[in-house]
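Student: One structure follows; several queries about it will come next.
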Amino acid sequence: MTRRCEIAIVNQSGRKPELELASVQAVVDAALAEDRMDHCQLTVMLVEDQESARLHRQHFSDDEPTDVMTFPDGAFDPETGRRHIGDLAVGVDVAKRVAAERGRREADEICLYILHGVLHLLGYDDEDDGDLREMWQVQRRLLAKVGIVLEAEPQ
């Protein structure tokens with residue numbers, strides 16, 4: 001199967017988090033297929049709490065580490081013929097804690113965060129309850145395609 005998106009994973013966390021690249025690729029490609037987007041690039045930075053908090057403070061005026069932050073781009077790379085849709089900063093320490101609290105695997109939680117970030121890059125929003133419910137429905141459906149079942153949703 002042809003990849004819709006070339007994904008660069010940059011581990012800045014100082015540890016080796018659980019991560020299943022095939023699941024990440026499949027769920028990102030599934031999201032992009034629904035949006036009819038092809039030939040793109042995405043950078044995923046895996047960061048620990050300290051870096052997550054720093055980025056969150058710098059870009060969103062919040063001192064707490066968070067699950068995922070999106071940084072849209074849109075630049076076209078003439079060498080590859082791909083559009084860089086953006087960067088994600090994924091809080092792997094947050095993922096590990098939340099996965100343990102909710103009885104999930106860390107790899108599944110990270111995959112969820114990456115998908116959540118990609119959906120934001122595609123224009124999904126979660127600012128109000130209706131948008132949040134819609135986003136969670138899409139996430140559940142796309143994650144189920146790669147065998148990840150979410151039991152608990154945020155309140």
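The chains in the structure tokens are called A, B, ... from first to last as shown; in each chain the residues are counted from 1, and the ligands are counted from 1 in the order shown.
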Just asking: which residues within chain A are strand (DSSP E) according to DSSP, as an mmCIF file with N, CA and C atoms, in the first residue's frame?
Tutor:
```cif
data_model
loop_
_atom_site.group_PDB
_atom_site.id
_atom_site.type_symbol
_atom_site.label_atom_id
_atom_site.label_comp_id
_atom_site.auth_asym_id
_atom_site.auth_seq_id
_atom_site.Cartn_x
_atom_site.Cartn_y
_atom_site.Cartn_z
ATOM 1 N N CYS A 5 1.343 9.697 3.568
ATOM 2 C CA CYS A 5 2.126 10.675 4.314
ATOM 3 C C CYS A 5 3.468 10.085 4.722
ATOM 4 N N GLU A 6 4.494 10.847 4.499
ATOM 5 C CA GLU A 6 5.831 10.480 4.967
ATOM 6 C C GLU A 6 5.967 11.062 6.372
ATOM 7 N N ILE A 7 6.155 10.179 7.353
ATOM 8 C CA ILE A 7 6.191 10.618 8.752
ATOM 9 C C ILE A 7 7.612 10.516 9.288
ATOM 10 N N ALA A 8 8.121 11.632 9.798
ATOM 11 C CA ALA A 8 9.428 11.639 10.465
ATOM 12 C C ALA A 8 9.175 11.680 11.970
ATOM 13 N N ILE A 9 9.673 10.664 12.681
ATOM 14 C CA ILE A 9 9.543 10.617 14.139
ATOM 15 C C ILE A 9 10.878 11.045 14.731
ATOM 16 N N VAL A 10 10.862 12.083 15.559
ATOM 17 C CA VAL A 10 12.065 12.593 16.198
ATOM 18 C C VAL A 10 11.899 12.408 17.703
ATOM 19 N N ASN A 11 12.677 11.492 18.267
ATOM 20 C CA ASN A 11 12.563 11.211 19.697
ATOM 21 C C ASN A 11 13.493 12.133 20.476
ATOM 22 N N CYS A 40 2.022 14.015 1.413
ATOM 23 C CA CYS A 40 2.364 15.013 2.418
ATOM 24 C C CYS A 40 3.452 14.487 3.344
ATOM 25 N N GLN A 41 3.965 15.386 4.149
ATOM 26 C CA GLN A 41 4.980 15.072 5.155
ATOM 27 C C GLN A 41 4.476 15.566 6.506
ATOM 28 N N LEU A 42 4.884 14.852 7.550
ATOM 29 C CA LEU A 42 4.513 15.199 8.916
ATOM 30 C C LEU A 42 5.714 14.908 9.800
ATOM 31 N N THR A 43 6.014 15.814 10.713
ATOM 32 C CA THR A 43 7.074 15.576 11.687
ATOM 33 C C THR A 43 6.432 15.410 13.062
ATOM 34 N N VAL A 44 6.801 14.318 13.741
ATOM 35 C CA VAL A 44 6.298 14.038 15.084
ATOM 36 C C VAL A 44 7.485 14.062 16.037
ATOM 37 N N MET A 45 7.476 15.011 16.973
ATOM 38 C CA MET A 45 8.519 15.101 17.993
ATOM 39 C C MET A 45 7.984 14.475 19.272
ATOM 40 N N LEU A 46 8.705 13.509 19.806
ATOM 41 C CA LEU A 46 8.340 12.881 21.074
ATOM 42 C C LEU A 46 9.110 13.603 22.168
ATOM 43 N N VAL A 47 8.389 14.253 23.086
ATOM 44 C CA VAL A 47 9.035 15.098 24.096
ATOM 45 C C VAL A 47 8.622 14.676 25.503
ATOM 46 N N VAL A 68 -0.625 16.629 23.250
ATOM 47 C CA VAL A 68 -0.121 16.893 21.899
ATOM 48 C C VAL A 68 -0.354 18.357 21.543
ATOM 49 N N MET A 69 0.614 18.932 20.862
ATOM 50 C CA MET A 69 0.501 20.289 20.334
ATOM 51 C C MET A 69 0.726 20.221 18.835
ATOM 52 N N THR A 70 -0.030 21.021 18.103
ATOM 53 C CA THR A 70 0.090 21.034 16.647
ATOM 54 C C THR A 70 0.661 22.361 16.183
ATOM 55 N N PHE A 71 1.513 22.250 15.179
ATOM 56 C CA PHE A 71 2.137 23.421 14.578
ATOM 57 C C PHE A 71 1.973 23.297 13.066
ATOM 58 N N PRO A 72 0.892 23.874 12.514
ATOM 59 C CA PRO A 72 0.628 23.756 11.081
ATOM 60 C C PRO A 72 1.726 24.399 10.246
ATOM 61 N N ASP A 73 1.932 23.862 9.056
ATOM 62 C CA ASP A 73 2.955 24.408 8.170
ATOM 63 C C ASP A 73 2.356 24.675 6.790
ATOM 64 N N GLY A 74 2.339 23.676 5.927
ATOM 65 C CA GLY A 74 1.789 23.849 4.587
ATOM 66 C C GLY A 74 2.820 24.106 3.513
ATOM 67 N N ALA A 75 4.109 24.149 3.887
ATOM 68 C CA ALA A 75 5.156 24.407 2.894
ATOM 69 C C ALA A 75 5.276 23.227 1.928
ATOM 70 N N PHE A 76 5.504 23.535 0.663
ATOM 71 C CA PHE A 76 5.666 22.522 -0.380
ATOM 72 C C PHE A 76 7.149 22.276 -0.604
ATOM 73 N N ASP A 77 7.544 21.002 -0.655
ATOM 74 C CA ASP A 77 8.932 20.620 -0.913
ATOM 75 C C ASP A 77 9.044 20.181 -2.366
ATOM 76 N N ARG A 82 6.056 16.796 -1.991
ATOM 77 C CA ARG A 82 5.137 16.638 -0.857
ATOM 78 C C ARG A 82 4.956 17.967 -0.117
ATOM 79 N N ARG A 83 3.778 18.120 0.463
ATOM 80 C CA ARG A 83 3.480 19.281 1.299
ATOM 81 C C ARG A 83 3.665 18.883 2.761
ATOM 82 N N HIS A 84 4.422 19.700 3.499
ATOM 83 C CA HIS A 84 4.633 19.452 4.927
ATOM 84 C C HIS A 84 3.429 20.023 5.667
ATOM 85 N N ILE A 85 2.559 19.129 6.167
ATOM 86 C CA ILE A 85 1.319 19.619 6.784
ATOM 87 C C ILE A 85 1.547 20.213 8.166
ATOM 88 N N GLY A 86 2.668 19.848 8.800
ATOM 89 C CA GLY A 86 2.965 20.441 10.096
ATOM 90 C C GLY A 86 3.794 19.548 10.989
ATOM 91 N N ASP A 87 3.994 20.040 12.206
ATOM 92 C CA ASP A 87 4.747 19.321 13.233
ATOM 93 C C ASP A 87 3.811 19.047 14.406
ATOM 94 N N LEU A 88 4.055 17.921 15.052
ATOM 95 C CA LEU A 88 3.358 17.591 16.293
ATOM 96 C C LEU A 88 4.388 17.432 17.390
ATOM 97 N N ALA A 89 4.089 17.919 18.574
ATOM 98 C CA ALA A 89 4.900 17.645 19.762
ATOM 99 C C ALA A 89 4.042 16.775 20.669
ATOM 100 N N VAL A 90 4.456 15.520 20.836
ATOM 101 C CA VAL A 90 3.685 14.540 21.598
ATOM 102 C C VAL A 90 4.345 14.336 22.956
ATOM 103 N N GLY A 91 3.593 14.562 24.015
ATOM 104 C CA GLY A 91 4.095 14.393 25.382
ATOM 105 C C GLY A 91 4.084 12.923 25.782
#
```
Student: For range 52-56 of chain A, work out the shell of residues within 6 Å, counting only C-alpha atoms and skipping chain neighbours fewer than 6 positions away, then give it as a ChimeraX atom specification.
Tutor: /A:62-65,91
Student: Out of A:Glu48, A:Glu34, A:Asp108, A:Glu79, which residue has the shortest atom-to-atom distance to Leu19 in chain A when counting only C-alpha atoms?
Tutor: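 Using only C-alpha atoms, Leu19 in chain A sits closest to A:Asp108.
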Student: To one decimal place in Å, what is the distance between CA of Lys96 in chain A and CA of Asp49 in chain A?
Tutor: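 Between CA of Lys96 in chain A and CA of Asp49 in chain A the gap works out to 10.8 Å.
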